[in-house]
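Novice: Quick one, input_3.csv (CSV, C-alpha atoms):
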```
chain,number,residue,atom,x,y,z
A,13,MET,CA,65.8,155.4,112.7
A,14,SER,CA,62.6,154.9,114.6
A,15,ALA,CA,58.8,154.8,114.2
A,16,VAL,CA,55.9,155.0,116.6
A,17,LEU,CA,53.2,152.3,116.3
A,18,ASN,CA,49.9,152.2,118.1
A,19,LEU,CA,49.1,148.8,119.5
A,20,PRO,CA,46.5,147.3,121.8
A,21,GLY,CA,47.8,148.1,125.3
A,22,GLY,CA,49.8,151.1,124.3
A,23,SER,CA,52.1,152.5,121.6
A,24,VAL,CA,55.6,151.2,121.0
A,25,THR,CA,58.6,153.0,119.4
A,26,LEU,CA,60.2,150.6,116.8
A,27,GLU,CA,64.0,150.8,116.5
A,28,ALA,CA,66.2,149.4,113.8
A,29,GLY,CA,68.1,146.3,114.9
A,30,PRO,CA,71.9,146.0,114.2
A,31,ALA,CA,73.1,145.1,110.8
A,32,PRO,CA,73.0,141.3,110.2
A,33,ALA,CA,76.1,139.3,110.8
A,34,THR,CA,77.0,136.7,108.2
A,35,GLY,CA,78.0,133.3,109.2
A,36,GLY,CA,81.6,132.3,109.5
A,37,ASP,CA,83.3,129.1,110.7
A,38,TRP,CA,80.6,128.2,113.1
A,39,THR,CA,81.3,125.4,115.6
A,40,ARG,CA,77.7,124.2,115.3
A,41,THR,CA,75.7,123.0,112.3
A,42,ALA,CA,72.6,125.2,112.2
A,43,TYR,CA,69.6,124.5,110.0
A,44,ALA,CA,66.7,127.0,109.8
A,45,ALA,CA,63.4,125.4,109.1
A,46,ALA,CA,62.0,127.8,106.5
A,47,HIS,CA,58.4,129.0,105.9
A,48,VAL,CA,56.7,129.3,102.6
A,49,VAL,CA,55.2,132.4,101.0
A,50,ALA,CA,51.7,132.1,99.7
A,51,ASP,CA,50.5,133.6,96.5
A,52,PRO,CA,47.6,135.8,97.6
A,53,LEU,CA,46.5,136.6,94.0
A,54,ALA,CA,46.2,133.0,92.8
A,55,GLU,CA,42.8,131.8,91.7
A,56,ALA,CA,42.6,129.3,94.5
A,57,ASP,CA,40.6,128.5,97.6
A,58,PRO,CA,43.1,128.7,100.5
A,59,TRP,CA,41.5,125.9,102.6
A,60,VAL,CA,41.6,123.5,99.7
A,61,ASP,CA,44.3,124.6,97.2
A,62,VAL,CA,48.0,125.3,97.6
A,63,ALA,CA,49.4,128.3,95.7
A,64,LEU,CA,53.0,129.6,96.5
A,65,ASP,CA,54.8,132.6,95.5
A,66,TRP,CA,57.9,130.7,94.3
A,67,ASP,CA,60.1,133.8,93.8
A,68,ARG,CA,59.6,135.0,97.3
A,69,THR,CA,59.7,131.6,98.8
A,70,LEU,CA,63.1,130.8,97.3
A,71,ALA,CA,64.4,134.3,97.9
A,72,PHE,CA,63.9,133.7,101.6
A,73,ARG,CA,66.0,130.6,101.5
A,74,GLU,CA,68.8,132.6,99.8
A,75,HIS,CA,68.5,135.1,102.7
A,76,LEU,CA,69.1,132.2,105.2
A,77,TRP,CA,72.0,130.8,103.2
A,78,ASP,CA,73.6,134.3,103.0
A,79,LEU,CA,73.5,134.5,106.8
A,80,GLY,CA,75.3,131.1,107.1
A,81,PHE,CA,72.4,128.7,107.8
A,82,GLY,CA,71.4,125.5,106.2
A,83,VAL,CA,67.8,125.2,105.2
A,84,ALA,CA,65.6,122.4,106.5
A,85,GLU,CA,63.1,122.2,103.7
A,86,ALA,CA,59.4,121.3,103.6
A,87,MET,CA,59.2,120.7,107.3
A,88,ASP,CA,56.3,121.7,109.7
A,89,THR,CA,57.5,125.3,109.6
A,90,ALA,CA,56.6,125.3,105.9
A,91,GLN,CA,53.1,124.2,107.0
A,92,ARG,CA,53.7,120.6,106.1
A,93,GLY,CA,50.6,118.8,107.2
A,94,MET,CA,48.9,122.2,107.8
A,95,GLY,CA,48.2,123.3,104.3
A,96,LEU,CA,51.3,122.3,102.3
A,97,ASP,CA,50.6,119.0,100.5
A,98,TRP,CA,53.1,116.4,99.3
A,99,PRO,CA,53.1,117.3,95.6
A,100,THR,CA,53.8,121.0,96.4
A,101,SER,CA,56.4,119.9,99.0
A,102,LEU,CA,58.3,117.8,96.4
A,103,GLU,CA,58.3,120.8,94.0
A,104,LEU,CA,59.6,123.0,96.8
A,105,ILE,CA,62.3,120.4,97.6
A,106,ARG,CA,63.4,120.1,94.0
A,107,ARG,CA,63.6,123.9,93.5
A,108,SER,CA,65.3,124.6,96.8
A,109,THR,CA,67.9,121.8,96.3
A,110,GLU,CA,68.7,122.9,92.8
A,111,LEU,CA,69.2,126.4,94.0
A,112,ALA,CA,71.4,125.2,96.9
A,113,LYS,CA,73.6,123.2,94.5
A,114,GLY,CA,74.4,126.4,92.6
A,115,ARG,CA,75.5,128.1,95.8
A,116,GLY,CA,77.2,125.2,97.6
A,117,ALA,CA,74.6,125.7,100.3
A,118,LEU,CA,73.4,123.2,102.9
A,119,VAL,CA,69.8,121.8,102.5
A,120,ALA,CA,68.0,118.8,104.0
A,121,SER,CA,64.4,118.0,103.3
A,122,GLY,CA,61.4,116.4,104.9
A,123,ALA,CA,60.2,113.0,103.8
A,124,GLY,CA,57.2,111.5,105.5
A,125,THR,CA,53.9,109.8,104.7
A,126,ASP,CA,51.6,112.8,104.4
A,127,HIS,CA,50.2,111.6,101.1
A,128,LEU,CA,48.8,108.6,103.0
A,129,ALA,CA,45.7,109.4,105.0
A,130,PRO,CA,45.7,107.7,108.4
A,131,GLY,CA,42.9,105.3,108.9
A,132,PRO,CA,41.9,101.9,110.3
A,133,GLU,CA,42.6,100.2,106.9
A,134,VAL,CA,46.2,101.5,106.7
A,135,THR,CA,48.8,98.8,107.4
A,136,ILE,CA,52.4,99.0,108.5
A,137,ASP,CA,53.4,97.9,105.0
A,138,ASP,CA,51.4,100.8,103.6
A,139,VAL,CA,53.4,103.1,105.9
A,140,ILE,CA,56.7,101.7,104.7
A,141,ARG,CA,55.8,102.1,101.1
A,142,ALA,CA,54.7,105.7,101.7
A,143,TYR,CA,57.9,106.5,103.4
A,144,GLU,CA,60.0,104.8,100.7
A,145,GLU,CA,58.2,106.7,98.0
A,146,GLN,CA,59.0,110.1,99.5
A,147,CYS,CA,62.5,109.2,100.5
A,148,GLU,CA,63.3,108.1,97.0
A,149,ALA,CA,61.9,111.3,95.6
A,150,VAL,CA,63.9,113.5,98.1
A,151,GLU,CA,67.2,111.7,97.4
A,152,ALA,CA,66.5,111.8,93.7
A,153,ALA,CA,66.3,115.6,94.0
A,154,GLY,CA,69.8,115.6,95.6
A,155,SER,CA,68.8,116.3,99.2
A,156,ARG,CA,69.6,114.7,102.5
A,157,VAL,CA,66.5,113.2,104.0
A,158,ILE,CA,64.9,114.4,107.2
A,159,LEU,CA,62.7,111.5,108.2
A,160,MET,CA,59.6,113.1,109.6
A,161,ALA,CA,57.3,111.6,112.1
A,162,SER,CA,54.3,109.9,110.5
A,163,ARG,CA,50.6,110.4,111.5
A,164,ALA,CA,49.8,107.2,109.7
A,165,LEU,CA,52.4,105.2,111.6
A,166,ALA,CA,51.2,106.7,114.9
A,167,ARG,CA,47.7,105.4,114.0
A,168,ALA,CA,48.7,102.0,112.6
A,169,ALA,CA,51.4,100.9,115.1
A,170,ALA,CA,50.5,98.3,117.7
A,171,GLY,CA,53.6,99.0,119.7
A,172,PRO,CA,57.3,99.8,119.7
A,173,GLU,CA,58.1,96.8,117.5
A,174,ASP,CA,56.2,98.4,114.6
A,175,TYR,CA,58.3,101.6,114.8
A,176,ALA,CA,61.5,99.5,114.8
A,177,ARG,CA,60.3,97.6,111.8
A,178,VAL,CA,59.3,100.7,109.8
A,179,TYR,CA,62.4,102.8,110.6
A,180,GLY,CA,64.8,99.9,110.1
A,181,ARG,CA,63.3,99.1,106.7
A,182,VAL,CA,63.2,102.8,105.5
A,183,LEU,CA,66.7,103.7,106.8
A,184,SER,CA,68.2,100.6,105.2
A,185,GLY,CA,67.2,101.9,101.7
A,186,LEU,CA,68.7,105.4,102.0
A,187,GLY,CA,71.8,106.4,100.0
A,188,ARG,CA,72.9,108.9,102.7
A,189,PRO,CA,72.4,109.0,106.5
A,190,ALA,CA,69.2,110.7,107.5
A,191,ILE,CA,68.2,113.1,110.2
A,192,LEU,CA,65.3,111.7,112.3
A,193,HIS,CA,62.7,114.0,113.6
A,194,TRP,CA,60.7,113.2,116.7
A,195,LEU,CA,58.0,115.8,116.7
A,196,GLY,CA,56.1,116.0,120.0
A,197,GLU,CA,52.3,116.1,120.4
A,198,MET,CA,52.5,119.8,121.4
A,199,PHE,CA,53.4,120.5,117.8
A,200,ASP,CA,51.0,117.9,116.3
A,201,PRO,CA,48.3,116.2,118.5
A,202,ALA,CA,48.0,113.3,116.0
A,203,LEU,CA,51.6,112.2,117.0
A,204,GLU,CA,50.8,111.6,120.7
A,205,GLY,CA,52.2,108.2,121.8
A,206,TYR,CA,54.9,108.2,119.1
A,207,TRP,CA,57.5,105.4,119.4
A,208,GLY,CA,54.8,103.3,121.0
A,209,SER,CA,54.3,105.1,124.4
A,210,GLY,CA,52.7,108.2,125.8
A,211,ASP,CA,55.6,108.4,128.3
A,212,HIS,CA,58.4,110.4,126.6
A,213,MET,CA,61.1,108.6,128.5
A,214,ALA,CA,59.7,105.1,127.6
A,215,ALA,CA,59.4,106.3,124.0
A,216,MET,CA,63.0,107.5,124.1
A,217,GLU,CA,64.2,104.0,124.8
A,218,THR,CA,62.5,102.7,121.6
A,219,CYS,CA,63.9,105.6,119.6
A,220,LEU,CA,67.4,105.1,121.0
A,221,SER,CA,67.2,101.4,120.2
A,222,VAL,CA,66.2,102.2,116.6
A,223,ILE,CA,69.1,104.6,116.3
A,224,ALA,CA,71.6,102.1,117.7
A,225,GLU,CA,70.5,99.4,115.4
A,226,ASN,CA,70.8,101.7,112.3
A,227,ALA,CA,73.6,104.1,113.4
A,228,ASP,CA,75.4,104.0,110.1
A,229,LYS,CA,72.2,105.3,108.5
A,230,VAL,CA,71.5,108.1,111.0
A,231,ASP,CA,73.3,111.5,110.8
A,232,GLY,CA,71.4,112.8,113.8
A,233,ILE,CA,68.1,113.3,115.4
A,234,LYS,CA,66.1,116.5,116.0
A,235,ILE,CA,63.7,116.2,119.0
A,236,SER,CA,60.9,118.7,119.4
A,237,LEU,CA,59.6,118.1,122.9
A,238,LEU,CA,60.2,121.6,124.4
A,239,SER,CA,62.1,119.9,127.3
A,240,ALA,CA,65.8,120.7,127.8
A,241,GLU,CA,66.1,117.8,130.3
A,242,LYS,CA,64.8,115.2,127.9
A,243,GLU,CA,67.0,116.4,125.1
A,244,ILE,CA,70.1,116.4,127.3
A,245,ALA,CA,69.2,112.9,128.6
A,246,MET,CA,68.9,111.6,125.0
A,247,ARG,CA,71.9,113.5,123.7
A,248,ARG,CA,74.2,111.8,126.3
A,249,ARG,CA,73.1,108.3,125.1
A,250,LEU,CA,73.4,108.8,121.3
A,251,PRO,CA,75.9,106.4,119.6
A,252,GLU,CA,79.3,107.7,118.5
A,253,GLY,CA,78.9,109.7,115.3
A,254,VAL,CA,75.2,110.5,115.7
A,255,VAL,CA,74.5,114.1,116.7
A,256,MET,CA,71.6,115.9,118.4
A,257,TYR,CA,69.9,118.7,116.6
A,258,THR,CA,67.9,120.7,119.0
A,259,GLY,CA,64.3,121.4,118.1
A,260,ASP,CA,63.6,123.1,121.4
A,261,ASP,CA,62.4,126.6,120.6
A,262,PHE,CA,62.2,127.4,124.3
A,263,ASN,CA,65.7,126.5,125.5
A,264,TYR,CA,68.0,126.6,122.4
A,265,PRO,CA,70.7,128.9,123.7
A,266,ASP,CA,71.8,126.6,126.6
A,267,LEU,CA,71.3,123.5,124.5
A,268,ILE,CA,73.4,124.7,121.6
A,269,GLU,CA,76.2,126.0,123.9
A,270,GLY,CA,76.2,122.6,125.7
A,271,ASP,CA,78.0,121.4,128.7
A,272,ALA,CA,81.1,119.4,129.6
A,273,GLU,CA,79.4,116.2,128.2
A,274,GLY,CA,78.4,117.6,124.9
A,275,HIS,CA,76.2,120.0,122.9
A,276,SER,CA,73.4,120.1,120.5
A,277,HIS,CA,73.5,121.3,116.9
A,278,ALA,CA,70.3,123.1,115.7
A,279,LEU,CA,67.4,122.5,113.4
A,280,LEU,CA,64.9,125.2,114.5
A,281,GLY,CA,61.8,126.9,113.3
A,282,ILE,CA,62.6,130.0,115.4
A,283,PHE,CA,65.8,130.5,113.3
A,284,ASP,CA,63.5,131.6,110.4
A,285,PRO,CA,62.4,134.9,112.1
A,286,ILE,CA,65.5,135.5,114.3
A,287,ALA,CA,68.1,134.5,111.7
A,288,PRO,CA,70.1,137.8,111.7
A,289,VAL,CA,70.5,137.7,115.5
A,290,ALA,CA,71.0,133.9,115.6
A,291,ALA,CA,73.9,134.3,113.1
A,292,ARG,CA,75.6,136.8,115.3
A,293,ALA,CA,75.1,134.6,118.4
A,294,LEU,CA,76.6,131.6,116.6
A,295,SER,CA,79.6,133.7,115.4
A,296,GLU,CA,80.2,134.8,119.0
A,297,LEU,CA,80.1,131.2,120.2
A,298,ALA,CA,82.6,130.2,117.5
A,299,ARG,CA,84.9,133.0,118.8
A,300,GLY,CA,84.6,131.6,122.3
A,301,ASP,CA,82.8,134.6,123.7
A,302,ALA,CA,80.0,133.0,125.8
A,303,ALA,CA,78.9,136.3,127.3
A,304,ALA,CA,78.3,137.9,123.8
A,305,TYR,CA,76.7,134.6,122.6
A,306,HIS,CA,74.1,134.7,125.4
A,307,GLY,CA,73.8,138.5,125.1
A,308,ALA,CA,72.7,138.1,121.5
A,309,PHE,CA,70.4,135.2,122.1
A,310,ALA,CA,68.8,136.1,125.4
A,311,PRO,CA,66.3,138.8,124.1
A,312,THR,CA,65.1,136.3,121.4
A,313,VAL,CA,63.9,133.7,123.9
A,314,PRO,CA,60.8,135.6,125.2
A,315,LEU,CA,59.8,136.2,121.5
A,316,SER,CA,60.3,132.5,120.7
A,317,ARG,CA,58.4,131.3,123.7
A,318,HIS,CA,55.6,133.6,122.7
A,319,ILE,CA,55.5,132.6,119.1
A,320,PHE,CA,55.6,128.9,120.1
A,321,ARG,CA,53.1,129.2,123.0
A,322,ALA,CA,50.2,126.7,123.1
A,323,PRO,CA,48.6,125.7,120.8
A,324,THR,CA,52.1,125.3,119.6
A,325,ARG,CA,51.1,124.1,116.2
A,326,PHE,CA,50.0,127.7,115.3
A,327,TYR,CA,53.5,129.0,115.6
A,328,LYS,CA,53.8,129.4,111.9
A,329,THR,CA,51.5,132.4,112.0
A,330,GLY,CA,54.1,134.4,114.1
A,331,VAL,CA,56.9,133.3,111.8
A,332,VAL,CA,55.1,134.5,108.7
A,333,PHE,CA,54.0,137.7,110.4
A,334,MET,CA,57.7,138.5,111.2
A,335,ALA,CA,58.6,137.8,107.6
A,336,TYR,CA,55.9,140.3,106.5
A,337,LEU,CA,57.0,143.0,108.9
A,338,ASN,CA,60.6,142.7,107.7
A,339,GLY,CA,59.9,142.9,104.0
A,340,HIS,CA,60.5,139.3,103.0
A,341,GLN,CA,57.0,139.2,101.6
A,342,ASP,CA,54.4,141.9,100.7
A,343,HIS,CA,51.4,140.5,102.5
A,344,PHE,CA,50.3,138.6,105.6
A,345,THR,CA,48.5,135.8,103.8
A,346,MET,CA,49.3,132.2,104.5
A,347,VAL,CA,48.7,128.8,102.9
A,348,GLY,CA,45.5,127.4,104.3
A,349,GLY,CA,44.4,130.7,105.7
A,350,GLN,CA,46.5,130.1,108.7
A,351,GLU,CA,47.0,133.9,109.3
A,352,SER,CA,43.8,133.7,111.3
A,353,THR,CA,45.1,131.3,113.9
A,354,ARG,CA,46.5,133.9,116.3
A,355,SER,CA,44.7,136.8,118.1
A,356,THR,CA,45.3,140.5,117.6
A,357,LEU,CA,46.8,140.7,121.1
A,358,HIS,CA,49.2,137.8,120.2
A,359,LEU,CA,50.4,139.6,117.1
A,360,ALA,CA,50.9,142.9,119.0
A,361,GLU,CA,53.1,141.2,121.6
A,362,ILE,CA,55.2,139.7,118.7
A,363,VAL,CA,55.9,143.3,117.6
A,364,ARG,CA,56.9,144.4,121.0
A,365,LEU,CA,59.2,141.4,121.7
A,366,ALA,CA,60.7,141.5,118.2
A,367,ASN,CA,61.5,145.1,118.7
A,368,ALA,CA,63.2,144.4,122.1
A,369,ALA,CA,65.2,141.6,120.5
A,370,GLY,CA,66.6,143.9,117.8
A,371,LEU,CA,64.8,142.1,115.0
A,372,ILE,CA,63.1,145.1,113.2
A,373,ALA,CA,65.0,145.7,110.0
A,374,ASP,CA,63.2,148.9,108.9
A,375,PRO,CA,61.0,150.6,111.6
A,376,ASP,CA,59.1,152.7,109.1
A,377,MET,CA,58.3,149.7,106.9
A,378,ALA,CA,57.4,147.5,109.8
A,379,ALA,CA,55.1,150.1,111.3
A,380,ALA,CA,53.3,150.7,108.1
A,381,ARG,CA,52.8,147.0,107.5
A,382,ALA,CA,51.7,146.4,111.1
A,383,ARG,CA,49.2,149.3,110.9
A,384,ALA,CA,47.6,147.6,107.9
A,385,VAL,CA,47.2,144.3,109.7
A,386,PHE,CA,45.9,145.9,113.0
A,387,ALA,CA,43.6,148.2,111.1
A,388,ALA,CA,41.9,145.2,109.6
A,389,ARG,CA,41.4,143.9,113.1
A,390,GLY,CA,39.8,147.1,114.4
A,391,VAL,CA,42.9,148.9,115.9
A,392,ALA,CA,42.9,152.6,115.1
A,393,ALA,CA,46.2,154.0,113.7
```
Please rewrite the model in this file as C-alpha cells.

Specialist:
Amino acid sequence: MSAVLNLPGGSVTLEAGPAPATGGDWTRTAYAAAHVVADPLAEADPWVDVALDWDRTLAFREHLWDLGFGVAEAMDTAQRGMGLDWPTSLELIRRSTELAKGRGALVASGAGTDHLAPGPEVTIDDVIRAYEEQCEAVEAAGSRVILMASRALARAAAGPEDYARVYGRVLSGLGRPAILHWLGEMFDPALEGYWGSGDHMAAMETCLSVIAENADKVDGIKISLLSAEKEIAMRRRLPEGVVMYTGDDFNYPDLIEGDAEGHSHALLGIFDPIAPVAARALSELARGDAAAYHGAFAPTVPLSRHIFRAPTRFYKTGVVFMAYLNGHQDHFTMVGGQESTRSTLHLAEIVRLANAAGLIADPDMAAARARAVFAARGVAA
C-alpha cells in the first residue's frame, strides 16, 4: 500500500510501516509522555479556554498501554504550562488513572506549581504549599507523582538551599517514591538556572544532594537536557535504588541500551509518535538482539531531532501532527492554538522523516489528511 503526496520541495511516496509490535517482558521501564486531543468544536477561545476531546485523549492512552508503555500523564507533552491548566490536568489525571486501574496499566502523573503564578511576591513557603496541594491530589487519584520543575520556584529561589528545602519538604509528605523531573531551559526558558545555577554541572551537584538526602522517597529522575554526556555523568552517581529515566529525545537509543556501568530507563515525549517502532526496539533489546534494537530505533532519531529542534518547546506541534496523520484524532487543532507554532516546511519534513522511519500506519489516510493541512497553507495538491 502506498500513496503519493505533493510536498514543498518535491513529492514523496508514503509507504505503510510494519505492523505494531506489542510489549513483552521488557528489560527497561518505558513511559510515554502523552499528548492531549483538543475539542475543535467546543464553544471556547483556544488562547484562553481549555477544551479536550476526552474520548480521543483517553483512547490514545489505551493505544500506548496496548503497546506495552506506561503513560506519563499531564506532563509538558500534554501542553502542561502551554495551554493545559491545572484543573484540566487534574481531571485528566483522575480519568487516566482510573482507566489504568481497570487494565492494570502503568501511569505516573505530573505534580507541579502551575496554579501559582511566578512573581516577586511569591515566597518559598508559597511554592511548598502549591507543590503539596498538587501532590496530594495526584496521590489521592491513585497515581505515582512525577515532581515537575517549578517556574515559581525558579523565580523565588535565592540559591541551592531553597531547592533543598522545597524538595525535602515536599518529598517527605509523599506516600510513594516520586520521579523527579529536571526540565532544561531549552524546553522551558523560565526554568533557566534551575537547582540554583546556570551551569548544569553545578546544578547537578545540588540535584544529586537532594536525591541522596531523600533517596527513600525518590524512585528515579528524568532529566531533559538533551546531553547524553550529562545524563551518563549523573546516572553513574545516583544512589542505589534510584534509577535514571532518560528524557533525551536526541540520544535515547544509546542511553536506553546503556554501557558496562549502567543504563537509563525511559520517560520520553518522542515515544508518543514513535510508539509502534519503539515497542519493537524495546522487545529486541529484551531478546538481546542489539543490532535489531538499533536497526529499529535508528530511523526514528532524525525524526525526533527534527520534532524537538529549537525552539524545543514547540515540539508538541509535531507530536500532534503525527497523531492526526495516523488517525488518532480527526483534526490538527491543538489546545492554545499551538498548531501554528511550526512552519509548513517543518511539517513537510516530519512527513518525510516519519515515512522513512516506518511510522505511517495508512498511507492513503495520511496523504489525505496531510493534503488538507498543506492546502490550508497554500500548497497545491

Novice: Can you tell me, as a list in words, which residues sit within 10 Å of (68.5, 128.6, 128.2) in the file's frame, using only C-alpha atoms?

Specialist: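 I get Ala240, Asp261, Phe262, Asn263, Tyr264, Pro265, Asp266, Leu267, Ile268, Glu269, His306, Phe309, Ala310 and Val313 of chain A for the residues within 10 Å of that point.
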
Novice: With distances taken over all atoms listed in the file, which of A:Trp66, A:Leu76, A:Leu17, A:Ala388 is nearest to A:Asp284?

Specialist: A:Leu76

Novice: Can you work out the spacing between atom CA of A:Val222 and atom CA of A:Ser209 in Å, to one decimal?

Specialist: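 Separation of atom CA of A:Val222 and atom CA of A:Ser209: 14.5 Å.
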
Novice: Pick out the closest residue to A:Ala214 from this set: A:Met246, A:Ala384, A:Ala369, A:Ala120. Count only C-alpha atoms.

Specialist: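 Nearest candidate to A:Ala214 out of A:Met246, A:Ala384, A:Ala369, A:Ala120: A:Met246.
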
Novice: Using all atoms listed in the file, can you tell me which of A:Pro288, A:Gly253, A:Gly95, A:Gly307 comes closest to A:Trp77?

Specialist: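 Residue with the minimum atom-to-atom distance to A:Trp77: A:Pro288.
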
Novice: Any chance you could model all heavy atoms for stretch 207-215 of chain A and send them as a short mmCIF file (atom, residue, chain, number, x, y, z; two decimals), keeping the file's coordinate frame?

Specialist:
```cif
data_model
loop_
_atom_site.label_atom_id
_atom_site.label_comp_id
_atom_site.auth_asym_id
_atom_site.auth_seq_id
_atom_site.Cartn_x
_atom_site.Cartn_y
_atom_site.Cartn_z
N TRP A 207 56.53 106.44 118.95
CA TRP A 207 57.50 105.40 119.40
C TRP A 207 56.84 104.38 120.28
O TRP A 207 57.51 103.57 120.90
CB TRP A 207 58.71 106.03 120.06
CG TRP A 207 59.48 106.98 119.21
CD1 TRP A 207 59.57 108.34 119.38
CD2 TRP A 207 60.24 106.68 118.03
NE1 TRP A 207 60.34 108.89 118.39
CE2 TRP A 207 60.77 107.90 117.55
CE3 TRP A 207 60.54 105.49 117.35
CZ2 TRP A 207 61.56 107.96 116.41
CZ3 TRP A 207 61.34 105.56 116.22
CH2 TRP A 207 61.84 106.78 115.76
N GLY A 208 55.50 104.39 120.35
CA GLY A 208 54.80 103.30 121.00
C GLY A 208 54.48 103.56 122.49
O GLY A 208 54.06 102.64 123.19
N SER A 209 54.64 104.83 122.96
CA SER A 209 54.30 105.10 124.40
C SER A 209 53.99 106.57 124.55
O SER A 209 54.59 107.44 123.92
CB SER A 209 55.53 104.76 125.26
OG SER A 209 55.26 105.11 126.61
N GLY A 210 53.02 106.83 125.43
CA GLY A 210 52.70 108.20 125.80
C GLY A 210 53.66 108.79 126.79
O GLY A 210 53.61 110.00 127.07
N ASP A 211 54.53 107.98 127.34
CA ASP A 211 55.60 108.40 128.30
C ASP A 211 56.82 108.72 127.44
O ASP A 211 57.40 107.83 126.82
CB ASP A 211 55.84 107.31 129.28
CG ASP A 211 56.91 107.67 130.30
OD1 ASP A 211 57.87 108.37 129.95
OD2 ASP A 211 56.80 107.23 131.45
N HIS A 212 57.24 109.98 127.43
CA HIS A 212 58.40 110.40 126.60
C HIS A 212 59.65 109.58 126.91
O HIS A 212 60.43 109.25 126.01
CB HIS A 212 58.66 111.85 126.70
CG HIS A 212 57.65 112.71 126.02
ND1 HIS A 212 57.49 114.04 126.30
CD2 HIS A 212 56.73 112.42 125.04
CE1 HIS A 212 56.53 114.55 125.54
NE2 HIS A 212 56.06 113.59 124.78
N MET A 213 59.87 109.28 128.18
CA MET A 213 61.10 108.60 128.50
C MET A 213 61.06 107.12 128.07
O MET A 213 62.07 106.58 127.61
CB MET A 213 61.34 108.66 130.05
CG MET A 213 61.49 110.08 130.57
SD MET A 213 62.71 111.08 129.65
CE MET A 213 64.24 110.27 130.12
N ALA A 214 59.89 106.51 128.13
CA ALA A 214 59.70 105.10 127.60
C ALA A 214 59.87 105.17 126.07
O ALA A 214 60.51 104.29 125.46
CB ALA A 214 58.40 104.55 128.01
N ALA A 215 59.26 106.18 125.43
CA ALA A 215 59.40 106.30 124.00
C ALA A 215 60.82 106.52 123.57
O ALA A 215 61.27 106.01 122.53
CB ALA A 215 58.51 107.48 123.51
#
```
